[in-house]
Each structure stands twice: as C-alpha cells, then as structure tokens.
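Comments concern the structure below.
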Amino acid sequence: RTRRYMLCVLSRRINPLVAAPSKAAHRASSLRHTLRSPQSRRAIHASAMTEQKFKEVREILGAPPRHWVGNGFHVFPVFHNKAFTKELSPWLMFDYAAPKEFKPSYERRGVGQHPHRGFETITIAWQGEVEHGDSVGNRDVIGPGDVQWMTAARGIIHEEFHSTDFQQTGGVFEMAQLWLNLPKKHKMKKPRYQPILAKDIPVIPLKCANEDDRDKLTGENTIRVIAGDEATYGCKAPADTHSPVELLDIRIANSKVPFDVPIPEGHNTIVFVRRGEITVGEKDKKVEQQGVALMHLGGDTLRLTATQKNTEVLLLAGEPIDEPIAARGPFVMNTHEEILQANKDFMNGKMG
C-alpha cells in the first residue's frame, strides 16, 4: 500500500509525456566545436578565438507559479510544460527552491523514500543543508556550494530531507534539483552516487567580450565548473557524466559588462537567472529573475550581460540524446512497456 501511495504522489508531480526522437538533435550531435588551445589551462575561454558564432535565443520563459514538493521544498518548476520533452534534451526537469526562511522544527522536512529509474538527479545547495539516503547504502549531507549527483540507472530508492542540524536551527534554504536523462545503453547500469564538495569545484574567470572592460571589473565574475569538457574550460570538472554535459554556476558582480561563455556547438543550452537580471545573445534579449532562456543549437559562444550587480546564473547545456522519452512519475525510460516494467519491479521489491 505504501509503495502504491508513493507512486501516486510522485506521478502528480509530472505529466507523462512521450517524445519522438529529434532528427535535428541527431544532426546537431555532429556539430560539436573544439575551442583553440589556451595559454592558461584555467582560463581557456579567456584566450583569443579565430571566429565566434553566438548562440541566440529561441524562447524565453518567465517564472512559473511555485508548488511544494513534500513539506521541505517550495519550488519553481523552471521548465514549465517543456519538461520531459526533446526540446531540452538531455535535461528533463528543473525544480528551483528560491531562498526561503524556515523556523527551527522537530518535524522532518523533505521527501520520504521513493524510487527512480533511467536517469540522474542532481541536487545543488546554495543555502541550508540537504541530507540524502538511499537503498544502496549512501548517506550524505551537502551544504552551501556542494552538489550531489545520483545516477539512478536500473533503480534506486532514496529520500531527501533538510539535514537534522538545519532542521533544528532553522535558517534560509535555497537549492535546485535537476533531472538529467541517460542514454539507453546506460539506463540499466548499476546505480552510483557522486558527492561533490564546493572545495572540489574549480572556479575560472569569466571572459570579457571587450578587452577594454577588463580594467573596469570588480568583485567576483566567475564560473564554477560542475560539469564540462576540460578542452573547453581548461580545468577538470568533478562530475563524471554519461554523455557530453555542461553545468555552470555563474556569478557576475559587474553590471553592463558583456561576458562570453564557450558552449559546444550543437548543444542544447538553458540559461536560468537565480538572482538579478541579464540580457543574453547578441540581440540582448532580457531575462528576469527566475526566468529562463532557451537557446538555439547553433553557435559556440553565449554572450551574457548582467543588468543588475551581483547577478547569479545557472547554465545547463548538453548534447541532445536522440532517443524516445517515456516518462511517468519517478521513471524515465524509452518505451511505455519499460515504464510498466519499472512499476512492476518497484511493487515487487526488485528496485534498489
């Protein structure tokens, strides 16, 4: 009865969708662009490039209404009705819990045990602490700046709560959870958990679009490279991924200074504004706080300009996975039959 209840609760969170494979995504996968070798490994995107092709805006989405996930996560469903579609592949879903004050409590806040199969969950903490536990023995707490990267693959049962310490002391809580698809060949592999601490995430400088602006910079204008190719960013990102993916946590201290961020050509690119406001692309399309810009596949450079000081952006990108998407509740597979099998395996205690 408990298993049926959890599946019912989780399936309300997501509309089931099946998307046909994208021919455009397949063509785009062959367009990956390699940047020239840098003079400095930690500032590759600050080196000169012979030719830049800018990514331009395909669509801008405003901030959606918030809803609760469990009793601990008050989130914006950033992808709106585009979640679990080929438009954003390989990314599936994005929930953002904006800064919110929680009072001390003896009640556990979060989401209890529930299953996943066929994809990865990525939790980023900016304020507060998140405690994770799963059916293969992983248990961990992440705090400000940390990331947990869980590969559900063939199946895992996990839970996520505010940490015991944070629950008892209270404070401001801010986090995001992303769902990242797995290629078919990896969906039934062994589950894996990657704890990524803030101190292990390399930080590189943003590149000014105009060299004359370099002397104007003050404060922190940086990229935390959580995931990304070493040849592109000049550093070894800590996340081990199953397909080419970029996950960049960007801080822009200075307003009205354009910066250029390298993104491989042919990669879907999603630009989310956590705090502040930006313009994006050569045409300076405005994206407000908690808004998101979806970019065209073409181009190898993303131009960002903050219109407010101390703006913060989360950038998601990746090579589209040209495979069908079958999503229902906590499972993401390639066919409806595989979803039915996942449900059956969970109900029979064969997951995790």
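Residue names in the structure tokens use chain letters A, B, ... in the order shown, residue numbers from 1 in each chain, and ligand numbers from 1 in the order shown.
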
Enumerate as an MDAnalysis selection string all residues of range 214-305 of chain A assigned to strand (DSSP E or B) by DSSP on the backbone, naming them with the chain letters and numbers the document uses.
chainID A and resid 221:227 245:252 258:262 268:275 278:280 285:287 292:295 301:305

Return as JSON lines the residues of range 103-148 of chain A lying at most 12 Å from range 215-235 of chain A, together with the closest atom-to-atom pair for each and the distance in Å to one decimal, counting only C-alpha atoms, with rows in chain order and ascending residue number.
```
{"residue": "A:Ile122", "atom": "CA", "partner": "A:Ile226", "partner_atom": "CA", "distance": 10.7}
{"residue": "A:Thr123", "atom": "CA", "partner": "A:Ile226", "partner_atom": "CA", "distance": 11.6}
{"residue": "A:Ile124", "atom": "CA", "partner": "A:Ile226", "partner_atom": "CA", "distance": 10.0}
{"residue": "A:Gly145", "atom": "CA", "partner": "A:Arg224", "partner_atom": "CA", "distance": 9.6}
{"residue": "A:Asp146", "atom": "CA", "partner": "A:Ile226", "partner_atom": "CA", "distance": 9.8}
{"residue": "A:Val147", "atom": "CA", "partner": "A:Ile226", "partner_atom": "CA", "distance": 8.3}
{"residue": "A:Gln148", "atom": "CA", "partner": "A:Ile226", "partner_atom": "CA", "distance": 10.6}
```

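The space between CA of Pro65 in chain A and CA of Gln127 in chain A spans 21.4 Å.
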
Please provide the set of residues having any atom within 7 Å of Ala317 in chain A, restricted to only C-alpha atoms, with same-chain residues fewer than 4 positions apart removed, written as a PyMOL selection string.
chain A and resi 245-247+267-270

Point-to-point distance in Å for CA of Met175 in chain A and CA of Trp126 in chain A
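It comes out at 5.6 Å.
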
To test your reading of the structure, identify every residue in range 248-346 of chain A that backbone DSSP assigns to alpha helix (DSSP H), and report it as a ChimeraX atom specification.
/A:336-346

Contacts of range 291-301 of chain A at 9 Å (only C-alpha atoms; same-chain gap of 2+ positions) as a ChimeraX atom specification:
/A:25,28,31-35,52-64,78-79,88,260-274,277,280-281,285-289,303

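Picture a line from CA of Lys344 in chain A to CA of Met150 in chain A; it runs 22.3 Å.
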
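Ranking A:Thr311, A:Ser135, A:Thr241, A:Thr305 by their shortest atom-to-atom distance to Gly349 in chain A, with only C-alpha atoms included, puts A:Ser135 first.
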
Which residues come within 10 Å of range 168-172 of chain A, counting only C-alpha atoms, excluding same-chain residues fewer than 3 positions away, as a list in words?
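Residues meeting the cut-off are Ala98, Pro99, Lys100, Glu101, Phe102, Lys103, Pro104, Ser105, Tyr106, Glu107, Arg108, Trp126, Gln127, Gly128, Glu129, His162, Ser163, Thr164 and Asp165 of chain A.
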
How would the residues just picked look written out with all heavy atoms as a short mmCIF file (atom, residue, chain, number, x, y, z; two decimals), in the first residue's frame?
```cif
data_model
loop_
_atom_site.label_atom_id
_atom_site.label_comp_id
_atom_site.auth_asym_id
_atom_site.auth_seq_id
_atom_site.Cartn_x
_atom_site.Cartn_y
_atom_site.Cartn_z
N ALA A 98 13.71 28.80 -4.33
CA ALA A 98 14.28 30.12 -4.06
C ALA A 98 14.50 30.30 -2.57
O ALA A 98 13.90 29.59 -1.75
CB ALA A 98 13.34 31.20 -4.61
N PRO A 99 15.36 31.25 -2.19
CA PRO A 99 15.64 31.44 -0.76
C PRO A 99 14.36 31.61 0.07
O PRO A 99 13.50 32.42 -0.26
CB PRO A 99 16.48 32.72 -0.75
CG PRO A 99 17.15 32.75 -2.08
CD PRO A 99 16.16 32.16 -3.03
N LYS A 100 14.27 30.78 1.12
CA LYS A 100 13.09 30.80 1.99
C LYS A 100 13.52 30.54 3.41
O LYS A 100 14.33 29.65 3.68
CB LYS A 100 12.08 29.73 1.54
CG LYS A 100 10.81 29.66 2.40
CD LYS A 100 9.85 28.62 1.87
CE LYS A 100 8.64 28.48 2.76
NZ LYS A 100 7.88 29.75 2.87
N GLU A 101 12.99 31.32 4.34
CA GLU A 101 13.31 31.16 5.75
C GLU A 101 12.48 30.05 6.36
O GLU A 101 11.25 30.01 6.21
CB GLU A 101 13.03 32.48 6.49
CG GLU A 101 13.34 32.44 7.97
CD GLU A 101 14.81 32.64 8.27
OE1 GLU A 101 15.49 33.34 7.48
OE2 GLU A 101 15.29 32.11 9.29
N PHE A 102 13.15 29.10 7.02
CA PHE A 102 12.48 28.04 7.76
C PHE A 102 12.80 28.21 9.25
O PHE A 102 13.96 28.39 9.62
CB PHE A 102 12.95 26.67 7.30
CG PHE A 102 12.37 26.23 5.98
CD1 PHE A 102 13.00 26.57 4.79
CD2 PHE A 102 11.20 25.48 5.93
CE1 PHE A 102 12.47 26.17 3.57
CE2 PHE A 102 10.67 25.07 4.71
CZ PHE A 102 11.31 25.42 3.53
N LYS A 103 11.78 28.14 10.08
CA LYS A 103 11.97 28.22 11.52
C LYS A 103 12.45 26.87 12.05
O LYS A 103 12.22 25.83 11.45
CB LYS A 103 10.67 28.64 12.20
CG LYS A 103 10.22 30.04 11.84
CD LYS A 103 8.92 30.40 12.56
CE LYS A 103 8.48 31.81 12.21
NZ LYS A 103 7.20 32.18 12.88
N PRO A 104 13.12 26.87 13.21
CA PRO A 104 13.52 25.60 13.82
C PRO A 104 12.30 24.70 14.03
O PRO A 104 11.20 25.18 14.31
CB PRO A 104 14.13 26.03 15.15
CG PRO A 104 14.57 27.44 14.93
CD PRO A 104 13.56 28.04 13.99
N SER A 105 12.51 23.40 13.87
CA SER A 105 11.40 22.46 13.97
C SER A 105 11.91 21.08 14.36
O SER A 105 13.07 20.74 14.10
CB SER A 105 10.66 22.37 12.63
OG SER A 105 9.68 21.36 12.65
N TYR A 106 11.05 20.30 14.99
CA TYR A 106 11.36 18.90 15.26
C TYR A 106 10.76 17.99 14.18
O TYR A 106 10.99 16.78 14.19
CB TYR A 106 10.84 18.50 16.64
CG TYR A 106 11.62 19.14 17.76
CD1 TYR A 106 11.11 20.22 18.45
CD2 TYR A 106 12.89 18.67 18.11
CE1 TYR A 106 11.83 20.83 19.47
CE2 TYR A 106 13.62 19.26 19.13
CZ TYR A 106 13.09 20.35 19.81
OH TYR A 106 13.81 20.94 20.81
N GLU A 107 10.01 18.58 13.25
CA GLU A 107 9.41 17.81 12.16
C GLU A 107 10.39 17.69 11.00
O GLU A 107 11.01 18.68 10.59
CB GLU A 107 8.13 18.51 11.67
CG GLU A 107 7.45 17.79 10.51
CD GLU A 107 6.28 18.60 9.95
OE1 GLU A 107 6.15 19.80 10.28
OE2 GLU A 107 5.50 18.03 9.16
N ARG A 108 10.55 16.50 10.47
CA ARG A 108 11.42 16.32 9.31
C ARG A 108 10.78 16.99 8.09
O ARG A 108 9.59 16.82 7.83
CB ARG A 108 11.65 14.84 9.01
CG ARG A 108 12.39 14.10 10.09
CD ARG A 108 12.92 12.77 9.58
NE ARG A 108 14.14 12.93 8.81
CZ ARG A 108 14.71 11.95 8.09
NH1 ARG A 108 14.13 10.77 8.02
NH2 ARG A 108 15.82 12.17 7.43
N TRP A 126 22.73 25.96 -2.21
CA TRP A 126 23.36 27.28 -2.07
C TRP A 126 23.27 27.81 -0.64
O TRP A 126 24.18 28.46 -0.17
CB TRP A 126 22.72 28.29 -3.04
CG TRP A 126 23.13 28.06 -4.46
CD1 TRP A 126 24.34 28.33 -5.03
CD2 TRP A 126 22.34 27.49 -5.51
NE1 TRP A 126 24.34 27.98 -6.37
CE2 TRP A 126 23.12 27.46 -6.69
CE3 TRP A 126 21.02 27.01 -5.58
CZ2 TRP A 126 22.65 26.98 -7.90
CZ3 TRP A 126 20.55 26.53 -6.79
CH2 TRP A 126 21.35 26.51 -7.93
N GLN A 127 22.13 27.52 0.01
CA GLN A 127 21.96 27.91 1.41
C GLN A 127 21.23 26.77 2.12
O GLN A 127 20.34 26.14 1.55
CB GLN A 127 21.16 29.20 1.53
CG GLN A 127 21.80 30.40 0.84
CD GLN A 127 20.99 31.68 1.02
OE1 GLN A 127 21.00 32.27 2.10
NE2 GLN A 127 20.32 32.11 -0.03
N GLY A 128 21.59 26.52 3.38
CA GLY A 128 21.00 25.41 4.10
C GLY A 128 21.72 24.11 3.81
O GLY A 128 22.79 24.09 3.19
N GLU A 129 21.13 23.00 4.26
CA GLU A 129 21.75 21.69 4.07
C GLU A 129 20.69 20.66 3.65
O GLU A 129 19.56 20.70 4.13
CB GLU A 129 22.40 21.21 5.37
CG GLU A 129 23.61 22.03 5.80
CD GLU A 129 24.25 21.48 7.06
OE1 GLU A 129 23.54 20.80 7.84
OE2 GLU A 129 25.45 21.73 7.28
N HIS A 162 15.76 18.18 4.67
CA HIS A 162 16.65 19.13 5.32
C HIS A 162 17.49 18.34 6.33
O HIS A 162 16.99 17.42 6.97
CB HIS A 162 15.85 20.20 6.06
CG HIS A 162 15.01 21.07 5.18
ND1 HIS A 162 14.35 22.18 5.65
CD2 HIS A 162 14.72 21.00 3.86
CE1 HIS A 162 13.69 22.76 4.67
NE2 HIS A 162 13.90 22.05 3.57
N SER A 163 18.75 18.71 6.46
CA SER A 163 19.59 17.99 7.42
C SER A 163 19.05 18.18 8.83
O SER A 163 18.34 19.14 9.14
CB SER A 163 21.04 18.50 7.34
OG SER A 163 21.14 19.77 7.97
N THR A 164 19.43 17.26 9.72
CA THR A 164 18.97 17.33 11.11
C THR A 164 19.42 18.63 11.77
O THR A 164 18.65 19.29 12.47
CB THR A 164 19.51 16.13 11.89
OG1 THR A 164 19.04 14.92 11.28
CG2 THR A 164 19.03 16.16 13.34
N ASP A 165 20.68 19.03 11.52
CA ASP A 165 21.19 20.27 12.12
C ASP A 165 20.40 21.48 11.62
O ASP A 165 19.99 22.35 12.41
CB ASP A 165 22.67 20.46 11.80
CG ASP A 165 23.56 19.52 12.58
OD1 ASP A 165 23.06 18.91 13.56
OD2 ASP A 165 24.74 19.38 12.22
#
```

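With only C-alpha atoms as the atoms that count, the minimum distance from Lys199 in chain A to the choices A:Asp134, A:Pro238, A:Arg109, A:Trp91 is reached by A:Pro238.
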
A:Gly155, A:His114, A:Gly143, A:Phe119 ranked by distance to Gly352 in chain A, top pick (using only C-alpha atoms)
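Checking each of A:Gly155, A:His114, A:Gly143, A:Phe119 against Gly352 in chain A, counting only C-alpha atoms, the winner is A:Gly155.
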
Residue nearest Gly110 in chain A among A:Asp95, A:Glu323, A:Glu159, A:Asp213 (counting only C-alpha atoms):
A:Glu159
